[in-house]
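Colleague: Got input17.txt for you, compact mmCIF, C-alpha atoms:
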```txt
# COMPACT_ATOMS: atom_id res chain seq x y z
CA MET A 25 0.00 0.00 0.00
CA ARG A 26 1.35 3.40 -0.95
CA LEU A 27 1.40 5.89 1.92
CA ALA A 28 -0.09 9.31 1.31
CA THR A 29 2.28 12.22 1.87
CA PRO A 30 0.99 14.56 4.62
CA GLU A 31 -0.38 17.82 3.24
CA LYS A 32 2.20 20.02 4.96
CA ILE A 33 5.10 18.03 3.51
CA ARG A 34 3.49 17.81 0.08
CA ASN A 35 2.96 21.59 -0.02
CA PHE A 36 6.58 22.18 0.91
CA GLN A 37 7.76 19.74 -1.76
CA ARG A 38 5.60 21.51 -4.33
CA LYS A 39 7.13 24.87 -3.42
CA LEU A 40 10.64 23.47 -3.76
CA TYR A 41 9.87 21.95 -7.17
CA VAL A 42 8.21 25.10 -8.51
CA LYS A 43 11.10 27.28 -7.33
CA ALA A 44 13.71 24.94 -8.81
CA LYS A 45 11.82 24.62 -12.11
CA ALA A 46 11.29 28.37 -12.46
CA GLU A 47 14.90 29.26 -11.59
CA PRO A 48 17.38 26.66 -12.94
CA ALA A 49 20.35 28.53 -11.46
CA PHE A 50 18.85 29.00 -7.98
CA ARG A 51 20.75 27.37 -5.10
CA PHE A 52 19.03 26.35 -1.86
CA TYR A 53 20.65 27.52 1.38
CA VAL A 54 18.37 26.45 4.24
CA LEU A 55 17.13 22.86 4.06
CA TYR A 56 18.69 20.94 6.95
CA ASP A 57 16.08 22.08 9.45
CA LYS A 58 13.36 20.74 7.13
CA ILE A 59 15.00 17.30 7.20
CA CYS A 60 15.06 17.43 11.01
CA ARG A 61 11.41 18.40 11.37
CA LYS A 62 9.36 16.09 13.55
CA ASP A 63 6.71 15.50 10.88
CA THR A 64 9.34 14.80 8.21
CA LEU A 65 11.11 12.21 10.35
CA PHE A 66 7.82 10.58 11.36
CA HIS A 67 6.69 10.25 7.74
CA ALA A 68 10.17 9.01 6.79
CA TYR A 69 9.84 6.31 9.45
CA ARG A 70 6.42 5.29 8.10
CA LEU A 71 7.87 5.00 4.58
CA ALA A 72 10.81 2.95 5.81
CA ARG A 73 8.43 0.75 7.81
CA ALA A 74 6.23 0.20 4.75
CA ASN A 75 9.27 -0.94 2.77
CA ALA A 76 10.06 -3.42 5.55
CA GLY A 77 13.51 -4.91 5.11
CA VAL A 78 15.83 -6.65 7.52
CA PRO A 79 17.84 -4.97 10.30
CA GLY A 80 21.26 -3.50 9.64
CA VAL A 81 24.51 -4.16 11.50
CA ASP A 82 23.01 -3.13 14.85
CA GLY A 83 20.33 -5.83 14.66
CA VAL A 84 17.57 -3.36 15.58
CA SER A 85 14.19 -4.16 13.97
CA PHE A 86 11.05 -2.09 13.49
CA VAL A 87 9.24 -4.26 16.04
CA GLN A 88 11.93 -3.58 18.63
CA ILE A 89 11.81 0.17 18.00
CA GLU A 90 8.04 0.25 18.41
CA ASP A 91 8.05 -2.01 21.47
CA GLU A 92 10.54 0.32 23.18
CA GLY A 93 8.71 3.48 22.08
CA LEU A 94 8.73 5.02 18.63
CA GLU A 95 8.19 8.59 19.82
CA ALA A 96 11.22 8.49 22.11
CA TRP A 97 13.31 6.80 19.40
CA LEU A 98 12.46 9.53 16.87
CA ALA A 99 13.09 12.24 19.46
CA GLY A 100 16.55 10.83 20.10
CA LEU A 101 17.32 10.67 16.40
CA ARG A 102 16.12 14.25 15.95
CA GLU A 103 18.33 15.42 18.80
CA GLU A 104 21.35 13.75 17.16
CA LEU A 105 20.62 15.62 13.94
CA PHE A 106 20.11 18.99 15.63
CA SER A 107 23.24 18.62 17.78
CA LYS A 108 25.27 17.48 14.74
CA THR A 109 26.30 14.32 16.60
CA TYR A 110 24.56 11.99 14.12
CA ARG A 111 26.93 9.54 12.43
CA PRO A 112 25.77 6.74 10.14
CA ASP A 113 26.35 3.15 11.14
CA PRO A 114 28.32 0.80 8.89
CA VAL A 115 26.35 -0.55 5.93
CA ARG A 116 25.83 -4.31 5.89
CA ARG A 117 26.72 -5.68 2.46
CA VAL A 118 25.20 -8.88 1.09
CA MET A 119 25.48 -10.42 -2.36
CA ILE A 120 22.28 -10.89 -4.35
CA PRO A 121 22.13 -13.46 -7.20
CA LYS A 122 21.58 -12.02 -10.69
CA PRO A 123 19.50 -13.69 -13.41
CA ASP A 124 22.63 -14.19 -15.52
CA GLY A 125 24.27 -16.22 -12.78
CA GLY A 126 26.46 -13.46 -11.33
CA GLU A 127 25.98 -11.49 -8.13
CA ARG A 128 25.47 -7.86 -7.28
CA PRO A 129 26.27 -6.18 -3.96
CA LEU A 130 23.40 -4.80 -1.89
CA GLY A 131 23.99 -2.44 1.02
CA ILE A 132 21.65 -2.60 4.00
CA PRO A 133 21.81 0.51 6.23
CA THR A 134 20.44 0.41 9.76
CA ILE A 135 16.85 1.56 10.24
CA ARG A 136 17.98 4.84 11.83
CA ASP A 137 20.05 5.60 8.73
CA ARG A 138 17.22 4.56 6.42
CA VAL A 139 14.92 6.99 8.21
CA VAL A 140 17.33 9.94 7.98
CA GLN A 141 18.07 9.17 4.32
CA THR A 142 14.36 9.00 3.59
CA ALA A 143 13.82 12.36 5.31
CA ALA A 144 16.61 13.86 3.21
CA LYS A 145 15.09 12.38 0.06
CA LEU A 146 11.70 13.91 0.88
CA VAL A 147 13.35 17.34 0.87
CA LEU A 148 15.90 16.96 -1.93
CA GLU A 149 14.02 14.94 -4.52
CA PRO A 150 11.61 17.72 -5.60
CA ILE A 151 14.56 20.04 -6.29
CA PHE A 152 16.41 17.59 -8.49
CA GLU A 153 13.23 16.34 -10.15
CA ALA A 154 13.04 19.81 -11.67
CA ASP A 155 16.50 19.30 -13.20
CA LEU A 156 16.41 15.71 -14.42
CA GLU A 157 16.13 15.27 -18.17
CA ASP A 158 12.74 14.09 -19.39
CA ASN A 159 14.20 10.96 -21.03
CA THR A 160 15.25 9.22 -17.80
CA TYR A 161 12.83 6.90 -16.01
CA GLY A 162 14.61 5.03 -13.23
CA TYR A 163 13.82 5.68 -9.55
CA ARG A 164 11.58 8.66 -10.22
CA PRO A 165 8.10 9.48 -8.86
CA ALA A 166 5.28 8.26 -11.11
CA ARG A 167 7.75 6.71 -13.57
CA GLY A 168 9.06 3.22 -14.07
CA ALA A 169 10.51 0.59 -16.37
CA VAL A 170 7.23 0.15 -18.26
CA ASP A 171 7.25 3.85 -19.18
CA ALA A 172 10.81 3.53 -20.49
CA VAL A 173 9.87 0.49 -22.59
CA ARG A 174 6.88 2.34 -24.04
CA GLN A 175 9.09 5.29 -24.99
CA VAL A 176 11.58 2.98 -26.70
CA HIS A 177 8.75 1.26 -28.57
CA GLN A 178 7.36 4.60 -29.70
CA HIS A 179 10.71 5.72 -31.12
CA ILE A 180 11.17 2.39 -32.93
CA CYS A 181 7.70 2.69 -34.46
CA GLN A 182 8.71 6.18 -35.68
CA GLY A 183 11.65 4.72 -37.59
CA TYR A 184 14.50 5.05 -35.08
CA THR A 185 15.55 1.45 -35.56
CA ASP A 186 19.36 1.60 -35.22
CA VAL A 187 19.98 1.03 -31.53
CA VAL A 188 22.95 1.49 -29.22
CA ASP A 189 22.32 -0.66 -26.16
CA ALA A 190 24.51 0.60 -23.31
CA ASP A 191 25.26 -0.55 -19.77
CA LEU A 192 27.55 1.28 -17.35
CA SER A 193 29.70 -1.30 -15.59
CA GLY A 194 29.54 -1.19 -11.79
CA TYR A 195 27.81 2.18 -11.96
CA PHE A 196 26.64 2.55 -8.36
CA ASP A 197 29.93 1.33 -6.91
CA SER A 198 32.15 3.59 -9.00
CA ILE A 199 30.51 7.04 -8.98
CA PRO A 200 33.30 9.48 -8.02
CA HIS A 201 32.41 11.26 -4.78
CA ASP A 202 34.02 14.59 -5.67
CA ASP A 203 32.15 14.95 -8.96
CA LEU A 204 28.92 13.76 -7.38
CA ILE A 205 29.14 16.33 -4.57
CA LYS A 206 29.86 19.05 -7.16
CA SER A 207 26.69 18.03 -9.01
CA VAL A 208 24.65 18.19 -5.80
CA ALA A 209 26.22 21.52 -4.83
CA CYS A 210 25.02 23.08 -8.08
CA ARG A 211 21.67 23.22 -6.30
CA ILE A 212 22.36 22.71 -2.60
CA VAL A 213 24.46 25.21 -0.65
CA ASP A 214 23.35 24.14 2.84
CA ARG A 215 26.60 22.82 4.34
CA GLN A 216 24.84 20.54 6.80
CA VAL A 217 22.94 18.77 4.00
CA LEU A 218 26.15 18.32 2.01
CA ARG A 219 27.79 17.01 5.19
CA LEU A 220 25.04 14.40 5.60
CA ILE A 221 25.53 13.16 2.03
CA LYS A 222 29.31 12.95 2.51
CA LEU A 223 28.80 10.97 5.72
CA TRP A 224 26.65 8.42 3.88
CA LEU A 225 29.13 8.16 1.01
CA LYS A 226 31.97 7.55 3.49
CA ALA A 227 30.09 5.11 5.74
CA PRO A 228 32.07 1.91 6.43
CA VAL A 229 30.85 -1.27 4.76
CA GLU A 230 30.68 -4.53 6.68
CA GLU A 231 30.85 -7.90 4.95
CA ARG A 232 30.80 -11.34 6.54
CA ASP A 233 32.26 -14.49 5.01
CA GLY A 234 30.49 -17.82 5.11
CA ASP A 235 32.23 -18.66 8.38
CA GLY A 236 31.10 -15.39 9.96
CA THR A 237 34.44 -13.60 9.62
CA ARG A 238 33.85 -9.86 9.63
CA ARG A 239 35.56 -7.66 7.02
CA MET A 240 35.32 -3.87 6.87
CA GLY A 241 35.62 -1.70 3.77
CA GLY A 242 34.67 1.77 2.63
CA GLY A 243 35.14 4.45 5.24
CA LYS A 244 36.86 7.82 5.06
CA GLY A 245 39.42 6.67 2.51
CA ASN A 246 36.73 5.63 0.04
CA THR A 247 36.41 8.00 -2.93
CA ARG A 248 33.86 6.19 -5.08
CA GLY A 249 30.45 4.58 -4.92
CA THR A 250 27.01 5.04 -3.46
CA PRO A 251 25.90 1.59 -2.23
CA GLN A 252 22.85 0.01 -3.83
CA GLY A 253 20.28 -0.44 -1.09
CA GLY A 254 20.70 2.97 0.48
CA VAL A 255 17.50 5.03 0.29
CA VAL A 256 19.24 8.11 -1.06
CA SER A 257 21.53 6.21 -3.48
CA PRO A 258 19.14 6.07 -6.45
CA LEU A 259 18.58 9.84 -6.28
CA LEU A 260 22.33 10.47 -6.15
CA ALA A 261 22.87 8.07 -9.05
CA ASN A 262 20.26 9.91 -11.12
CA ILE A 263 21.88 13.26 -10.34
CA TYR A 264 25.24 12.00 -11.59
CA MET A 265 23.80 10.29 -14.68
CA ASN A 266 22.03 13.52 -15.55
CA ARG A 267 25.43 15.04 -16.40
CA PHE A 268 25.62 12.81 -19.47
CA LEU A 269 21.99 13.26 -20.50
CA LYS A 270 22.19 17.03 -20.17
CA HIS A 271 25.43 17.09 -22.18
CA TRP A 272 23.71 15.06 -24.91
CA ARG A 273 20.91 17.64 -25.10
CA LEU A 274 23.15 20.72 -24.98
CA SER A 275 25.41 19.20 -27.66
CA GLU A 276 22.33 18.85 -29.89
CA CYS A 277 23.10 15.18 -30.45
CA SER A 278 19.46 14.37 -31.18
CA ASP A 279 19.76 16.45 -34.36
CA ALA A 280 23.34 15.48 -35.21
CA PHE A 281 22.70 11.74 -34.93
CA ARG A 282 18.96 11.80 -35.72
CA ALA A 283 18.57 9.99 -32.43
CA HIS A 284 16.87 9.80 -29.05
CA VAL A 285 18.17 8.57 -25.68
CA VAL A 286 16.02 6.65 -23.21
CA ALA A 287 17.66 5.99 -19.82
CA TYR A 288 16.76 3.86 -16.84
CA ALA A 289 19.22 4.11 -13.94
CA ASP A 290 22.59 2.86 -15.26
CA ASP A 291 21.15 1.46 -18.50
CA PHE A 292 20.30 3.49 -21.56
CA VAL A 293 19.59 3.04 -25.24
CA ILE A 294 20.21 5.40 -28.14
CA LEU A 295 17.72 4.96 -30.97
CA SER A 296 18.87 6.45 -34.26
CA ARG A 297 18.05 6.71 -37.93
CA ASN A 298 21.22 5.41 -39.64
CA HIS A 299 23.70 7.13 -37.28
CA ALA A 300 24.02 4.61 -34.46
CA ARG A 301 27.76 4.05 -34.92
CA GLU A 302 28.48 7.78 -34.77
CA ALA A 303 26.32 8.04 -31.66
CA LEU A 304 28.17 5.09 -30.13
CA ALA A 305 31.58 6.69 -30.80
CA TRP A 306 30.47 10.00 -29.29
CA THR A 307 29.00 8.28 -26.23
CA THR A 308 32.12 6.17 -25.66
CA ALA A 309 34.32 9.27 -25.82
CA VAL A 310 32.13 11.21 -23.37
CA MET A 311 31.89 8.30 -20.94
CA THR A 312 35.67 7.90 -21.04
CA ARG A 313 36.08 11.57 -20.08
CA LEU A 314 33.63 11.00 -17.23
CA GLY A 315 35.65 8.02 -16.09
CA ARG A 316 32.93 5.53 -16.98
CA ASP A 317 33.38 2.05 -18.45
CA CYS A 318 30.52 1.80 -20.93
CA GLN A 319 29.63 -1.63 -22.32
CA ASN A 320 27.66 -1.03 -25.50
CA HIS A 321 26.91 -2.40 -28.95
CA CYS A 322 24.83 -1.56 -32.00
CA VAL A 323 21.85 -3.55 -33.16
CA ARG A 324 19.17 -3.03 -35.78
CA VAL A 325 15.55 -3.74 -34.94
```
Would you put the structure from the file into structure tokens?

Modeller:
Amino acid sequence: MRLATPEKIRNFQRKLYVKAKAEPAFRFYVLYDKICRKDTLFHAYRLARANAGVPGVDGVSFVQIEDEGLEAWLAGLREELFSKTYRPDPVRRVMIPKPDGGERPLGIPTIRDRVVQTAAKLVLEPIFEADLEDNTYGYRPARGAVDAVRQVHQHICQGYTDVVDADLSGYFDSIPHDDLIKSVACRIVDRQVLRLIKLWLKAPVEERDGDGTRRMGGGKGNTRGTPQGGVVSPLLANIYMNRFLKHWRLSECSDAFRAHVVAYADDFVILSRNHAREALAWTTAVMTRLGRDCQNHCVRV
């Protein structure tokens, strides 16, 4: 069941979106207090609870939080945020089987970190929704994979039948932190919000071998990656991917290659009329400059 957003929060989100859409160069200075608001944290908890999920490294479950008193738990978390003593717990990493037989890493933050990340997403997502290119569909409100497939089908039916099928290798785990923060800071000036994001990016990662041996990774020395499984990670991944999509538009590639891009998270296709190889060469060069390893090939449909 999808939870309705409280009216006060929805109105605030609408104001952020309208402001960001009307003024593409505007930068937001005071947002941290909105993340710390009691109603924001409570709704963030409800959203995290609705998504369920297993406990993180601390072993604390939703049932335990509620048995011991949700109101007091949220008050304590809010005090940590206001006093700037909040620090994220290590992220528990597990390997999830992939349909092709491989595995992908999944990060599981603790519930307290999921709640704070969800609160931050409630505030930040409307701002960046105003900036995201219209041809990206992954992890966005009221959009999904079916919408991306429909858009691809529409372009093919219109004669864009030369296709570049692209996949960014290890996208989530290799996003450079410095460039990502610069992309976020194009809109967000609030130092405390930027600090929160940096804390999540630098959170240690805990892995356990089959025999229970504990291994730690990530941490302050880590310069890349936003772990899959973190609530705020898909938004950050979209913000970084938008650099490429915006560059495509500003470079007028749609006209030059008689082509359209349709993106979903770290996957995208370029649908062209007889210029797919030129589009592929341009994309490979741009991704190389961005430090991305792009696996792609041309097909005709």

Colleague: Select, from A:Cys181, A:Ala169, A:Val217, A:Leu192, the residue with the minimum atom-to-atom distance to Val286 (chain A), counting only C-alpha atoms.

Modeller: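 Among the listed residues, A:Ala169 lies closest to Val286 (chain A).
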
Colleague: Could the residues of region 85-130 of chain A that have an atom at most 7 Å from region 76-80 of chain A be listed as a tab-separated table, each with its closest atom pair and the distance in Å to one decimal, counting only C-alpha atoms and ordered by chain and ascending residue number?

Modeller:
```
residue	atom	partner	partner_atom	distance
A:Ser85	CA	A:Pro79	CA	5.2
A:Val115	CA	A:Gly80	CA	7.0
A:Arg116	CA	A:Gly80	CA	6.0
```

Colleague: Would you please work out which residue, of A:Ala99, A:Ala154, A:Cys277, A:Ile263, is nearest to Phe66 (chain A) when using only C-alpha atoms?

Modeller: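 The shortest atom-to-atom distance to Phe66 (chain A) comes from A:Ala99.
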
Colleague: So how far away is CA of Phe196 (chain A) from CA of Arg128 (chain A), in Å?

Modeller: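 Straight-line distance from CA of Arg128 (chain A) to CA of Phe196 (chain A) works out to 10.5 Å.
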
Colleague: Under the rule that only C-alpha atoms are counted, which of A:Arg51, A:Arg164, A:Arg136, A:His271 is the nearest residue to Asp113 (chain A)?

Modeller: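 Using only C-alpha atoms, Asp113 (chain A) sits closest to A:Arg136.
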
Colleague: Excluding region 220-234 of chain A and any residue of its chain fewer than 5 positions from it, enumerate the residues within 10 Å of it, using all atoms listed in the file, and give them as a PyMOL selection string.

Modeller: chain A and resi 56+80-81+105+108+110-119+131-133+137+140-141+144+201-202+204-205+208+215+239-251+254+256-257+260

Colleague: Using all atoms listed in the file, find each residue of region 132-177 of chain A with at least one atom at most 10 Å away from an atom of region 28-35 of chain A; report its shortest atom-to-atom pair and that distance in Å (one decimal), sort the rows by chain and rising residue number, and return the result as CSV.

Modeller:
```
residue,atom,partner,partner_atom,distance
A:Leu146,CA,A:Ile33,CA,8.2
A:Val147,CA,A:Ile33,CA,8.7
A:Pro150,CA,A:Arg34,CA,9.9
```

Colleague: CA of Ile180 (chain A) to CA of Val293 (chain A): how many Å, to one decimal?

Modeller: 11.4 Å

Colleague: Could you tell me how far CA of Gly168 (chain A) sits from CA of Ala300 (chain A), in Å to one decimal place?

Modeller: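 About the pair CA of Ala300 (chain A) and CA of Gly168 (chain A): they are 25.3 Å apart.
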
Colleague: For Ile294 (chain A), list every protein, DNA or RNA residue within 7 Å, evaluated using only C-alpha atoms, and leave out those in the same chain fewer than 3 positions away; present the list as a list in words.

Modeller: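 Near neighbours after the sequence-gap exclusion: Val187, Val188, Asp189, Ala283, His284, Val285 and Val286 of chain A.
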
Colleague: Which of these residues is nearest to Ala309 (chain A), using only C-alpha atoms: A:Leu27, A:Pro48, A:Thr185, A:Phe268?

Modeller: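 The answer is A:Phe268, which sits nearest to Ala309 (chain A).
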
Colleague: Around (27.2, 17.1, -33.3) in the file's frame, which residues reach within 12 Å when counting all atoms listed in the file? Return as a list in words?

Modeller: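 Selection result: His271, Trp272, Arg273, Leu274, Ser275, Glu276, Cys277, Ser278, Asp279, Ala280, Phe281, Arg282, Ala283, His299, Glu302, Ala303, Ala305, Trp306 and Thr307 of chain A.
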
Colleague: Which of these residues is nearest to Pro258 (chain A), using all atoms listed in the file: A:Asp158, A:Glu149, A:Asp191, A:Asp57?

Modeller: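 Nearest candidate to Pro258 (chain A) out of A:Asp158, A:Glu149, A:Asp191, A:Asp57: A:Glu149.
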
Colleague: Using all atoms listed in the file, which protein or nucleic acid residues come within 10 Å of Arg211 (chain A)? Drop anything in the same chain fewer than 2 positions from it, and give the result as a count of residues only.

Modeller: 17
